[in-house]
Structures are given as structure tokens and as C-alpha cells.
Amino acid sequence: MKALAGLLRRDLLLAARQGGGVGTALGFFLTVLVLLPIGIGPDQATLQRLAPGMLWITLLLSVLLSADRIFQQDFEDGSLDVMSMSALPLEFVVLAKAMAHWLTTSLPLAVAAPFLGILLNLETATIWPLLLSMILGSIGLSLIASIGASLTVNLRRGGLLISILILPLYVPILVFGLSASTGDANIAGPSLLILSAMALASLVLAPLAAAAALRAYLK
Amino acid sequence: MQQFANPTRFLKLANAALPYIWIITLALFAVGLYGALGTAPADYQQGETVRIMFVHVPAAWAAMMVYSIMALASAMAIIFRHPLADVAAKTAAPIGAVFCFLALATGSLWGKPMWGAWWVWDARLTSMFVLMLLYVGYIAIWQAIEEPSRAAMVARIVALVGFINIPIIKFSVEWWNSLHQPASVFRIGGPTIDRSMLWPLLVMGLAYTFLFLALHLVSMRSELGARKMRNLLIARGGRS
């Protein structure tokens with residue numbers, strides 16, 4: 001547990017000192033938000049109807065773009081080799097790294113996204129349900145991203161491959177995330193429960209899968 | 001399963017069985033197509049277009065079956081270190097992808113006259129589309145990683161993680177209100193489809209299964225050959 005916390009602190013420190021992580025992802029998010037109304041047209045009613053879906057998709061893409069960083073640096077400079085030989089099982093190393101990714105990228109984006117939705121004329125009543133569903137969903141997003149990152153850790157053009165491998169797995173989170181942000185309590189309640197269930201399930205399964213994939217590369 | 005683990009023994013068996021499997025496949029297709037295009041009645045609502053069902057439904061079954069086989073083979077490769085399991089999973093993927101494409105394409109052709117649109121974003125269609133993407137991702141992993149043993153280890157995980165989608169496809173028509181009709185053959189309480197249409201459908205399903213078996217064995221045989229050749233080239237010091 002202490003090693004897990006230490007690893008998490010190390011990754012957070014690295015992210016904070018290197019900078020660029022959250023900032024770049026947020027910058028990408030804003031860029032897409034600017035492009036969307038240009039592509040769709042500035043009609044306020046249309047934008048309002050499309051806003052939750054567009055925000056969710058932008059969130060998925062921003063998380064995805066930052067996914068390849070989860071293991072790459074540590075793999076390249078050999079720290080991952082050292083970590084894999086430590087007493088801490090590789091599954092927990094993955095868990096720490098996925099948590100660091102969540103704390104530095106997915107969570108800030110999930111918190112910021114509903115408020116940036118104001119740019120898309122998002123209904124103010126939808127902001128809070130959207131915030132809740134995005135925070136719950138982002139846990140799964142980061143964990144599933146760690147599977148994709150581990151599968152492609154040593155590949156050139158890994159970024160493109162990640163999107164093919166991971167976006168299909170994001171579909172359930174997108175579906176239930178959107179139905180949880182509708183504001184209708186009858187639909188939103190069960191959807192939030194399913195989102196939480198998916199977050200918990202990926203918390204258990206994703207480190208197993210990602211660690212197995214990393215072992216293939218660390219041999 | 002373990003006694004087939006020896007590739008030489010497997011090849012011997014596969015070579016012996018293949019001619020019979022091809023004959024059974026052709027016979028099943030002949031009977032199935034005769035039933036589908038000849039004896040089965042036109043639907044009272046859909047007319048002759050209902051015959052698309054006999055190509056469409058078995059293709060969708062086969063696409064899901066092949067992915068399940070792929071996932072099962074990947075699990076066997078992890079659990080038992082079965083040397084043929086990775087070969088089986090790798091060669092099954094392109095065949096399954098073609099079945100999946102066939103199901104999507106014929107479904108689209110069927111959807112145009114029935115629903116008035118080539119494509120609708122409905123739960124069943126979307127989840128089949130995702131299955132197609134999973135096949136593509138799995139094949140891409142094999143192509144992206146050069147070293148076969150490493151590619152095998154990574155591909156196993158891709159196959160197993162993607163298996164989550166199979167139950168989603170199966171139950172998509174029950175969980176969500178869908179334009180696609182609910183299950184009418186494999187359901188609790190027996191099939192709701194008439195006998196005159198049911199038997200050609202089942203025969204076609206069997207024919208697709210045997211077609212997959214035949215293609216899979218041929219593909220596994222050539223994959224084993226390619227690996228042998230690669231090893232020989234490396235042993236001779238040549239470039240693979």
C-alpha cells in the first residue's frame with residue numbers, strides 16, 4: 001500500500017513538474033469545442049440539443065490522445081523494468097499509473113467540460129447531472145485507456161492503433177454517460193448506477209489485462 | 001485437446017479431414033439454398049425480400065461464433081500454453097471479419113426495403129459494427145508487432161477484452177427498444193418462426209459453420225507452413 005502511494009506520488013510529481021499534461025489536453029478540448037459550432041453552424045437551439053453528446057465525445061477523444069503517455073516514458077527509460085521486478089505486483093503498478101492519469105487528465109477534464117458546455121449553449125439544468133456522470137465515467141475512461149496504452153507501449157504509430165482498440169470499449173460508457181446526463185431522474189438514476197458498476201468492474205479487470213500486456217513487452 | 005497439441009499430428013488429421021468437411025459444406029449449402037430460395041414461402045408482409053434472412057442471420061451467428069472461438073482459443077493459449085491456440089485465434093480473425101461484414105452488408109440491403117434506410121443507429125446494428133471494429137483491431141495488432149511470439153501474447157489480451165461485446169450483441173435487442181427484431185430462434189420457449197422457414201435457416205447456419213471449419217483448417221495449415229518456413233530461413237541465417 002505504501003509502495004502504491006509512493007508510486008502515485010512520484011507520477012503526480014512528474015506530471016506537475018513536467019507540465020503540459022492537463023494543459024495540452026484542455027487546450028485540445030477547447031480547440032474541438034471551437035471547431036464544433038463552426039462545423040455544425042451557430043444555431044443556438046441545435047447546439048443546445050447536441051451539446052451533451054459533443055462534450056462527451058470531446059472528452060473521450062481528449063482522454064484517448066493523452067493515453068499513450070501512461071506507460072511510454074517509463075517503458076523507454078527502463079523504470080518500468082525496475083518496477084516490474086519490485087515486490088509490488090505489476091497489476092498495482094498499472095493501477096497507480098492509471099490513477100495518476102485519472103487525477104492529472106481525466107478528472108480535470110471531466111470537471112471542466114460541463115462548464116465549458118456554456119460555450120455550446122448547454123442548458124444550465126444539465127450541468128450538474130453531466131458533471132456527476134462525467135466524473136463517474138472518467139474513472140473507467142482512464143482505466144480502459146491504460147489497457148490500450150499497455151497494448152501499444154512499444155509500437156511506432158501506437159497512437160492510431162490505440163484508438164481502434166479502445167474506442168469500441170468506450171461505447172458503453174458513452175451510452176450510459178449520455179443517458180445519465182439527460183436530467184430525467186427515472187433514466188438518470190439507473191444509468192448512474194450502471195456507470196458506477198462499470199467504473200468498479202474496470203477497476204478490477206483493467207489492471208489485470210494491462211499488466212498481462214506489459215509483461216509481453218517487458219520480457 | 002492436449003493430444004492435438006502437436007502440429008505434425010494436427011496437420012495429418014486436418015489433411016485427412018478436409019476433403020470430407022468440404023463435401024459436407026457443399027452438401028449443406030446445396031440443401032440450405034434449395035430450401036431458402038425454393039421451398040420456403042415468401043413472407044406475407046415482407047414478400048420475397050425475406051429470403052435475405054437465410055444469408056444474413058447465419059452470417060451474424062457465424063461472426064459471433066468465430067469471435068467466441070477466438071476468445072476461447074486465446075484463453076486456452078494463456079491457461080494451457082497450447083501451441084496451436086494462437087495460430088487458431090490468429091487465423092480465425094480474418095474469416096470472422098468477413099462474416100461480420102457479410103452480416104452488416106446483407107442487413108443493410110435488407111434494411112433499405114423494410115425500414116426505408118440503408119443504416120440506422122440501433123443497438124443491434126451498432127454492437128455488430130463494434131464487433132467489426134474489434135476484429136479490425138485484433139488483426140491490426142498482429143500486423144503492428146513484428147515478433148510473432150510477442151504479437152501472440154498481446155493479441156490474446158485484445159481478444160479477451162473484446163469478448164465483453166458478445167453478450168452485449170446477443171441481448172442488445174432485449175435491453176434496448178430496437179428496430180431490429182428480437183430473437184426468434186434461440187429463445188426461451190422455443191422458436192417463433194414457422195417450420196417451413198426454420199429448417200432452411202438452421203441448415204444454412206450449419207453450412208456456414210462447416211464453411212468456417214474448412215476455411216479455418218486451410219488457413220491454420222498455411223499459417224503453420226509460413227512459420228516453419230520462417231524458422232528454416234532464420235536457421236539458415238537468411239533474412240526472414
# chains A, B, ... in the order shown; residues from 1 in each chain; ligands from 1
$ interface_residues --of "chain B" --to "chain A" --cutoff "9 Å" --atoms "only C-alpha atoms" --output "list in words"
Val130, Leu131, Leu133, Leu134, Val136, Gly137, Tyr138, Ala140, Ile141, Ala144, Ile145, Ser149, Arg150, Ala151, Ala152, Met153, Val154, Ala155, Arg156, Ile157, Val158, Leu160, Val161, Gly162, Ile164 and Asn165 of chain B
$ write_last_selection --atoms "N, CA and C atoms" --output "PDB file, in the first residue's frame"
ATOM      1  N   VAL B 130     -19.499  -2.536 -33.841  1.00  0.00           N
ATOM      2  CA  VAL B 130     -18.384  -2.554 -32.892  1.00  0.00           C
ATOM      3  C   VAL B 130     -17.622  -3.870 -32.991  1.00  0.00           C
ATOM      4  N   LEU B 131     -18.358  -4.973 -33.209  1.00  0.00           N
ATOM      5  CA  LEU B 131     -17.695  -6.269 -33.376  1.00  0.00           C
ATOM      6  C   LEU B 131     -16.724  -6.219 -34.560  1.00  0.00           C
ATOM      7  N   LEU B 133     -15.215  -3.584 -35.684  1.00  0.00           N
ATOM      8  CA  LEU B 133     -14.052  -2.792 -35.262  1.00  0.00           C
ATOM      9  C   LEU B 133     -13.110  -3.625 -34.395  1.00  0.00           C
ATOM     10  N   LEU B 134     -13.699  -4.488 -33.539  1.00  0.00           N
ATOM     11  CA  LEU B 134     -12.857  -5.318 -32.681  1.00  0.00           C
ATOM     12  C   LEU B 134     -12.038  -6.292 -33.518  1.00  0.00           C
ATOM     13  N   VAL B 136     -11.080  -5.740 -36.582  1.00  0.00           N
ATOM     14  CA  VAL B 136     -10.044  -4.951 -37.253  1.00  0.00           C
ATOM     15  C   VAL B 136      -8.899  -4.652 -36.291  1.00  0.00           C
ATOM     16  N   GLY B 137      -9.230  -4.293 -35.035  1.00  0.00           N
ATOM     17  CA  GLY B 137      -8.193  -4.002 -34.055  1.00  0.00           C
ATOM     18  C   GLY B 137      -7.321  -5.216 -33.777  1.00  0.00           C
ATOM     19  N   TYR B 138      -7.993  -6.382 -33.677  1.00  0.00           N
ATOM     20  CA  TYR B 138      -7.248  -7.615 -33.405  1.00  0.00           C
ATOM     21  C   TYR B 138      -6.275  -7.924 -34.536  1.00  0.00           C
ATOM     22  N   ALA B 140      -5.076  -5.778 -36.644  1.00  0.00           N
ATOM     23  CA  ALA B 140      -4.056  -4.725 -36.689  1.00  0.00           C
ATOM     24  C   ALA B 140      -2.929  -4.991 -35.707  1.00  0.00           C
ATOM     25  N   ILE B 141      -3.283  -5.547 -34.520  1.00  0.00           N
ATOM     26  CA  ILE B 141      -2.250  -5.852 -33.526  1.00  0.00           C
ATOM     27  C   ILE B 141      -1.258  -6.882 -34.072  1.00  0.00           C
ATOM     28  N   ALA B 144       0.972  -5.087 -36.453  1.00  0.00           N
ATOM     29  CA  ALA B 144       1.813  -4.000 -35.944  1.00  0.00           C
ATOM     30  C   ALA B 144       3.047  -4.532 -35.218  1.00  0.00           C
ATOM     31  N   ILE B 145       2.926  -5.709 -34.598  1.00  0.00           N
ATOM     32  CA  ILE B 145       4.049  -6.241 -33.825  1.00  0.00           C
ATOM     33  C   ILE B 145       4.777  -7.273 -34.670  1.00  0.00           C
ATOM     34  N   SER B 149       5.954 -14.191 -31.356  1.00  0.00           N
ATOM     35  CA  SER B 149       5.602 -14.673 -30.009  1.00  0.00           C
ATOM     36  C   SER B 149       5.072 -13.520 -29.159  1.00  0.00           C
ATOM     37  N   ARG B 150       5.638 -12.322 -29.353  1.00  0.00           N
ATOM     38  CA  ARG B 150       5.160 -11.168 -28.599  1.00  0.00           C
ATOM     39  C   ARG B 150       3.788 -10.752 -29.114  1.00  0.00           C
ATOM     40  N   ALA B 151       3.620 -10.746 -30.436  1.00  0.00           N
ATOM     41  CA  ALA B 151       2.326 -10.384 -31.009  1.00  0.00           C
ATOM     42  C   ALA B 151       1.243 -11.305 -30.462  1.00  0.00           C
ATOM     43  N   ALA B 152       1.579 -12.597 -30.326  1.00  0.00           N
ATOM     44  CA  ALA B 152       0.603 -13.558 -29.818  1.00  0.00           C
ATOM     45  C   ALA B 152       0.171 -13.192 -28.410  1.00  0.00           C
ATOM     46  N   MET B 153       1.147 -12.844 -27.558  1.00  0.00           N
ATOM     47  CA  MET B 153       0.812 -12.522 -26.164  1.00  0.00           C
ATOM     48  C   MET B 153      -0.091 -11.305 -26.069  1.00  0.00           C
ATOM     49  N   VAL B 154       0.206 -10.297 -26.901  1.00  0.00           N
ATOM     50  CA  VAL B 154      -0.599  -9.073 -26.843  1.00  0.00           C
ATOM     51  C   VAL B 154      -1.983  -9.320 -27.454  1.00  0.00           C
ATOM     52  N   ALA B 155      -2.013 -10.077 -28.564  1.00  0.00           N
ATOM     53  CA  ALA B 155      -3.285 -10.307 -29.249  1.00  0.00           C
ATOM     54  C   ALA B 155      -4.269 -11.073 -28.371  1.00  0.00           C
ATOM     55  N   ARG B 156      -3.737 -12.004 -27.541  1.00  0.00           N
ATOM     56  CA  ARG B 156      -4.618 -12.757 -26.633  1.00  0.00           C
ATOM     57  C   ARG B 156      -5.435 -11.805 -25.766  1.00  0.00           C
ATOM     58  N   ILE B 157      -4.753 -10.790 -25.256  1.00  0.00           N
ATOM     59  CA  ILE B 157      -5.444  -9.872 -24.340  1.00  0.00           C
ATOM     60  C   ILE B 157      -6.487  -9.058 -25.090  1.00  0.00           C
ATOM     61  N   VAL B 158      -6.128  -8.643 -26.319  1.00  0.00           N
ATOM     62  CA  VAL B 158      -7.094  -7.880 -27.132  1.00  0.00           C
ATOM     63  C   VAL B 158      -8.356  -8.711 -27.355  1.00  0.00           C
ATOM     64  N   LEU B 160      -9.527 -11.233 -25.582  1.00  0.00           N
ATOM     65  CA  LEU B 160     -10.298 -11.485 -24.359  1.00  0.00           C
ATOM     66  C   LEU B 160     -11.028 -10.232 -23.883  1.00  0.00           C
ATOM     67  N   VAL B 161     -10.371  -9.079 -24.002  1.00  0.00           N
ATOM     68  CA  VAL B 161     -11.022  -7.842 -23.555  1.00  0.00           C
ATOM     69  C   VAL B 161     -12.241  -7.555 -24.440  1.00  0.00           C
ATOM     70  N   GLY B 162     -12.102  -7.801 -25.742  1.00  0.00           N
ATOM     71  CA  GLY B 162     -13.201  -7.509 -26.657  1.00  0.00           C
ATOM     72  C   GLY B 162     -14.381  -8.447 -26.511  1.00  0.00           C
ATOM     73  N   ILE B 164     -16.237  -8.956 -24.183  1.00  0.00           N
ATOM     74  CA  ILE B 164     -17.344  -8.293 -23.463  1.00  0.00           C
ATOM     75  C   ILE B 164     -18.481  -7.950 -24.420  1.00  0.00           C
ATOM     76  N   ASN B 165     -18.133  -7.663 -25.677  1.00  0.00           N
ATOM     77  CA  ASN B 165     -19.139  -7.198 -26.629  1.00  0.00           C
ATOM     78  C   ASN B 165     -20.129  -8.297 -27.043  1.00  0.00           C
TER      79      ASN B 165
END
$ residues_around --residues "Leu224 in chain B" --least-positions-apart "4" --cutoff "12 Å" --atoms "only C-alpha atoms" --output "list of chain:residue names"
B:Asn6, B:Pro7, B:Thr8, B:Phe10, B:Leu11, B:Ala14, B:Pro83, B:Leu84, B:Ala85, B:Asp86, B:Val87, B:Ala88, B:Lys90, B:Thr91, B:Leu217, B:Val218, B:Ser219, B:Met220, B:Lys228, B:Met229, B:Arg230, B:Asn231
$ write_last_selection --atoms "N, CA and C atoms" --output "PDB file, in the first residue's frame"
ATOM      1  N   ASN B   6       0.364 -31.303 -30.839  1.00  0.00           N
ATOM      2  CA  ASN B   6       1.500 -31.494 -31.730  1.00  0.00           C
ATOM      3  C   ASN B   6       1.124 -31.041 -33.144  1.00  0.00           C
ATOM      4  N   PRO B   7       1.793 -30.030 -33.687  1.00  0.00           N
ATOM      5  CA  PRO B   7       1.413 -29.514 -35.002  1.00  0.00           C
ATOM      6  C   PRO B   7       1.449 -30.577 -36.097  1.00  0.00           C
ATOM      7  N   THR B   8       2.412 -31.501 -36.039  1.00  0.00           N
ATOM      8  CA  THR B   8       2.500 -32.529 -37.071  1.00  0.00           C
ATOM      9  C   THR B   8       1.259 -33.409 -37.056  1.00  0.00           C
ATOM     10  N   PHE B  10      -1.594 -32.612 -35.799  1.00  0.00           N
ATOM     11  CA  PHE B  10      -2.736 -31.789 -36.195  1.00  0.00           C
ATOM     12  C   PHE B  10      -2.822 -31.698 -37.709  1.00  0.00           C
ATOM     13  N   LEU B  11      -1.682 -31.478 -38.371  1.00  0.00           N
ATOM     14  CA  LEU B  11      -1.681 -31.335 -39.827  1.00  0.00           C
ATOM     15  C   LEU B  11      -2.149 -32.618 -40.491  1.00  0.00           C
ATOM     16  N   ALA B  14      -5.843 -32.815 -40.000  1.00  0.00           N
ATOM     17  CA  ALA B  14      -6.543 -31.795 -40.772  1.00  0.00           C
ATOM     18  C   ALA B  14      -6.564 -32.174 -42.247  1.00  0.00           C
ATOM     19  N   PRO B  83       0.147 -24.889 -27.983  1.00  0.00           N
ATOM     20  CA  PRO B  83       0.915 -24.232 -29.046  1.00  0.00           C
ATOM     21  C   PRO B  83       0.081 -23.872 -30.282  1.00  0.00           C
ATOM     22  N   LEU B  84      -1.043 -24.572 -30.495  1.00  0.00           N
ATOM     23  CA  LEU B  84      -1.825 -24.282 -31.691  1.00  0.00           C
ATOM     24  C   LEU B  84      -2.881 -23.211 -31.456  1.00  0.00           C
ATOM     25  N   ALA B  85      -3.098 -22.870 -30.169  1.00  0.00           N
ATOM     26  CA  ALA B  85      -4.213 -21.982 -29.863  1.00  0.00           C
ATOM     27  C   ALA B  85      -4.027 -20.597 -30.483  1.00  0.00           C
ATOM     28  N   ASP B  86      -2.782 -20.075 -30.428  1.00  0.00           N
ATOM     29  CA  ASP B  86      -2.546 -18.756 -31.005  1.00  0.00           C
ATOM     30  C   ASP B  86      -2.751 -18.772 -32.516  1.00  0.00           C
ATOM     31  N   VAL B  87      -2.295 -19.871 -33.137  1.00  0.00           N
ATOM     32  CA  VAL B  87      -2.490 -19.995 -34.577  1.00  0.00           C
ATOM     33  C   VAL B  87      -3.987 -20.019 -34.895  1.00  0.00           C
ATOM     34  N   ALA B  88      -4.734 -20.771 -34.086  1.00  0.00           N
ATOM     35  CA  ALA B  88      -6.178 -20.861 -34.316  1.00  0.00           C
ATOM     36  C   ALA B  88      -6.830 -19.493 -34.184  1.00  0.00           C
ATOM     37  N   LYS B  90      -5.435 -16.485 -34.409  1.00  0.00           N
ATOM     38  CA  LYS B  90      -4.973 -15.534 -35.425  1.00  0.00           C
ATOM     39  C   LYS B  90      -5.677 -15.764 -36.752  1.00  0.00           C
ATOM     40  N   THR B  91      -5.783 -17.048 -37.158  1.00  0.00           N
ATOM     41  CA  THR B  91      -6.350 -17.319 -38.474  1.00  0.00           C
ATOM     42  C   THR B  91      -7.867 -17.206 -38.478  1.00  0.00           C
ATOM     43  N   LEU B 217      -9.311 -24.495 -41.128  1.00  0.00           N
ATOM     44  CA  LEU B 217      -8.279 -25.531 -41.194  1.00  0.00           C
ATOM     45  C   LEU B 217      -7.268 -25.202 -42.291  1.00  0.00           C
ATOM     46  N   VAL B 218      -7.762 -24.762 -43.458  1.00  0.00           N
ATOM     47  CA  VAL B 218      -6.855 -24.412 -44.552  1.00  0.00           C
ATOM     48  C   VAL B 218      -5.929 -23.277 -44.111  1.00  0.00           C
ATOM     49  N   SER B 219      -6.540 -22.292 -43.452  1.00  0.00           N
ATOM     50  CA  SER B 219      -5.779 -21.116 -43.040  1.00  0.00           C
ATOM     51  C   SER B 219      -4.749 -21.464 -41.970  1.00  0.00           C
ATOM     52  N   MET B 220      -5.159 -22.339 -41.030  1.00  0.00           N
ATOM     53  CA  MET B 220      -4.212 -22.759 -39.997  1.00  0.00           C
ATOM     54  C   MET B 220      -3.053 -23.525 -40.600  1.00  0.00           C
ATOM     55  N   LYS B 228       6.944 -22.407 -40.259  1.00  0.00           N
ATOM     56  CA  LYS B 228       8.022 -23.362 -40.464  1.00  0.00           C
ATOM     57  C   LYS B 228       9.062 -22.756 -41.401  1.00  0.00           C
ATOM     58  N   MET B 229       8.547 -22.117 -42.472  1.00  0.00           N
ATOM     59  CA  MET B 229       9.433 -21.529 -43.460  1.00  0.00           C
ATOM     60  C   MET B 229      10.283 -20.433 -42.822  1.00  0.00           C
ATOM     61  N   ARG B 230       9.630 -19.634 -41.985  1.00  0.00           N
ATOM     62  CA  ARG B 230      10.332 -18.532 -41.330  1.00  0.00           C
ATOM     63  C   ARG B 230      11.461 -19.081 -40.454  1.00  0.00           C
ATOM     64  N   ASN B 231      11.128 -20.156 -39.686  1.00  0.00           N
ATOM     65  CA  ASN B 231      12.152 -20.738 -38.815  1.00  0.00           C
ATOM     66  C   ASN B 231      13.306 -21.306 -39.621  1.00  0.00           C
TER      67      ASN B 231
END
$ closest_residue --among "A:Ala96, A:Val32, A:Arg49, A:Ser84" --to "Gly6 in chain A" --atoms "only C-alpha atoms"
A:Ala96
$ residues_around --residues "range 113-117 of chain A" --least-positions-apart "5" --cutoff "9 Å" --atoms "only C-alpha atoms" --output "JSON, numbers by chain"
{"A": [29, 30, 33, 51, 52, 55, 56, 58, 59, 108, 122, 123, 126, 127, 128, 130, 131, 134]}
$ write_last_selection --atoms "N, CA and C atoms" --output "PDB file, in the first residue's frame"
ATOM      1  N   PHE A  29      -9.220  20.069 -25.930  1.00  0.00           N
ATOM      2  CA  PHE A  29     -10.656  20.092 -25.660  1.00  0.00           C
ATOM      3  C   PHE A  29     -11.273  21.407 -26.161  1.00  0.00           C
ATOM      4  N   LEU A  30     -10.624  22.509 -25.834  1.00  0.00           N
ATOM      5  CA  LEU A  30     -11.138  23.821 -26.242  1.00  0.00           C
ATOM      6  C   LEU A  30     -11.135  23.968 -27.762  1.00  0.00           C
ATOM      7  N   LEU A  33     -13.977  22.231 -29.171  1.00  0.00           N
ATOM      8  CA  LEU A  33     -15.198  22.966 -28.854  1.00  0.00           C
ATOM      9  C   LEU A  33     -15.380  24.159 -29.781  1.00  0.00           C
ATOM     10  N   ALA A  51     -25.284  19.532 -27.430  1.00  0.00           N
ATOM     11  CA  ALA A  51     -24.178  19.842 -26.513  1.00  0.00           C
ATOM     12  C   ALA A  51     -23.712  18.654 -25.656  1.00  0.00           C
ATOM     13  N   PRO A  52     -24.633  17.930 -24.933  1.00  0.00           N
ATOM     14  CA  PRO A  52     -24.105  16.853 -24.073  1.00  0.00           C
ATOM     15  C   PRO A  52     -23.332  15.802 -24.866  1.00  0.00           C
ATOM     16  N   LEU A  55     -19.927  17.172 -25.944  1.00  0.00           N
ATOM     17  CA  LEU A  55     -18.993  17.269 -24.822  1.00  0.00           C
ATOM     18  C   LEU A  55     -18.443  15.897 -24.457  1.00  0.00           C
ATOM     19  N   TRP A  56     -19.326  14.889 -24.457  1.00  0.00           N
ATOM     20  CA  TRP A  56     -18.873  13.530 -24.121  1.00  0.00           C
ATOM     21  C   TRP A  56     -17.851  13.032 -25.126  1.00  0.00           C
ATOM     22  N   THR A  58     -15.945  14.766 -27.124  1.00  0.00           N
ATOM     23  CA  THR A  58     -14.694  15.513 -26.982  1.00  0.00           C
ATOM     24  C   THR A  58     -13.899  15.009 -25.787  1.00  0.00           C
ATOM     25  N   LEU A  59     -14.605  14.670 -24.716  1.00  0.00           N
ATOM     26  CA  LEU A  59     -13.934  14.126 -23.531  1.00  0.00           C
ATOM     27  C   LEU A  59     -13.232  12.802 -23.870  1.00  0.00           C
ATOM     28  N   PRO A 108      -9.661  16.367 -14.218  1.00  0.00           N
ATOM     29  CA  PRO A 108      -9.763  17.801 -14.518  1.00  0.00           C
ATOM     30  C   PRO A 108     -10.635  18.078 -15.744  1.00  0.00           C
ATOM     31  N   LEU A 122     -25.189  25.000 -23.515  1.00  0.00           N
ATOM     32  CA  LEU A 122     -25.707  23.881 -22.728  1.00  0.00           C
ATOM     33  C   LEU A 122     -26.725  24.408 -21.719  1.00  0.00           C
ATOM     34  N   GLU A 123     -27.836  23.664 -21.578  1.00  0.00           N
ATOM     35  CA  GLU A 123     -28.843  24.064 -20.594  1.00  0.00           C
ATOM     36  C   GLU A 123     -28.227  24.070 -19.206  1.00  0.00           C
ATOM     37  N   THR A 126     -28.659  21.033 -16.992  1.00  0.00           N
ATOM     38  CA  THR A 126     -27.961  19.796 -17.327  1.00  0.00           C
ATOM     39  C   THR A 126     -26.550  19.765 -16.771  1.00  0.00           C
ATOM     40  N   ILE A 127     -26.040  20.912 -16.331  1.00  0.00           N
ATOM     41  CA  ILE A 127     -24.627  20.968 -15.935  1.00  0.00           C
ATOM     42  C   ILE A 127     -24.317  19.982 -14.817  1.00  0.00           C
ATOM     43  N   TRP A 128     -25.165  19.968 -13.759  1.00  0.00           N
ATOM     44  CA  TRP A 128     -24.832  19.123 -12.607  1.00  0.00           C
ATOM     45  C   TRP A 128     -24.942  17.633 -12.930  1.00  0.00           C
ATOM     46  N   LEU A 130     -24.538  16.274 -15.769  1.00  0.00           N
ATOM     47  CA  LEU A 130     -23.423  15.996 -16.681  1.00  0.00           C
ATOM     48  C   LEU A 130     -22.114  15.880 -15.901  1.00  0.00           C
ATOM     49  N   LEU A 131     -21.936  16.788 -14.931  1.00  0.00           N
ATOM     50  CA  LEU A 131     -20.711  16.769 -14.126  1.00  0.00           C
ATOM     51  C   LEU A 131     -20.578  15.435 -13.388  1.00  0.00           C
ATOM     52  N   MET A 134     -19.918  12.545 -15.806  1.00  0.00           N
ATOM     53  CA  MET A 134     -18.579  12.590 -16.402  1.00  0.00           C
ATOM     54  C   MET A 134     -17.513  12.187 -15.395  1.00  0.00           C
TER      55      MET A 134
END
$ closest_residue --among "A:Val175, A:Val63, A:Ala100, A:Leu160" --to "Leu12 in chain A" --atoms "only C-alpha atoms"
A:Ala100
$ select_by_dssp --residues "range 1-232 of chain B" --states "alpha helix (DSSP H)" --output "ChimeraX atom specification"
/B:7-33,53-80,85-115,123-144,148-162,165-175,195-232
$ residues_around --residues "Ser196 in chain A" --least-positions-apart "3" --cutoff "9 Å" --atoms "only C-alpha atoms" --output "list in words"
Leu136, Gly137, Ile139, Gly140, Ser191, Leu192, Leu193, Ala199, Leu200 and Ala201 of chain A
$ residues_around --residues "Pro190 in chain A" --least-positions-apart "2" --cutoff "12 Å" --atoms "only C-alpha atoms" --output "CSV table (one decimal) with C-alpha atoms, in the first residue's frame"
chain,number,residue,atom,x,y,z
A,133,SER,CA,-21.9,11.3,-14.9
A,176,PHE,CA,-24.8,5.3,-20.2
A,177,GLY,CA,-23.0,8.6,-19.6
A,179,SER,CA,-28.5,8.8,-20.6
A,180,ALA,CA,-27.3,9.8,-17.1
A,181,SER,CA,-27.0,13.4,-18.2
A,184,ASP,CA,-34.8,12.8,-16.3
A,185,ALA,CA,-34.5,11.2,-12.9
A,186,ASN,CA,-36.1,7.9,-14.0
A,187,ILE,CA,-33.4,7.3,-16.6
A,188,ALA,CA,-30.5,9.1,-14.9
A,192,LEU,CA,-25.5,6.4,-12.9
A,193,LEU,CA,-25.6,3.1,-11.1
A,194,ILE,CA,-24.5,1.3,-14.2
A,195,LEU,CA,-21.8,3.9,-14.8
A,196,SER,CA,-20.5,3.2,-11.2
A,197,ALA,CA,-20.7,-0.5,-11.8
$ residues_around --residues "Ala98 in chain A" --least-positions-apart "5" --cutoff "6 Å" --atoms "only C-alpha atoms" --output "ChimeraX atom specification"
/A:142-143,146
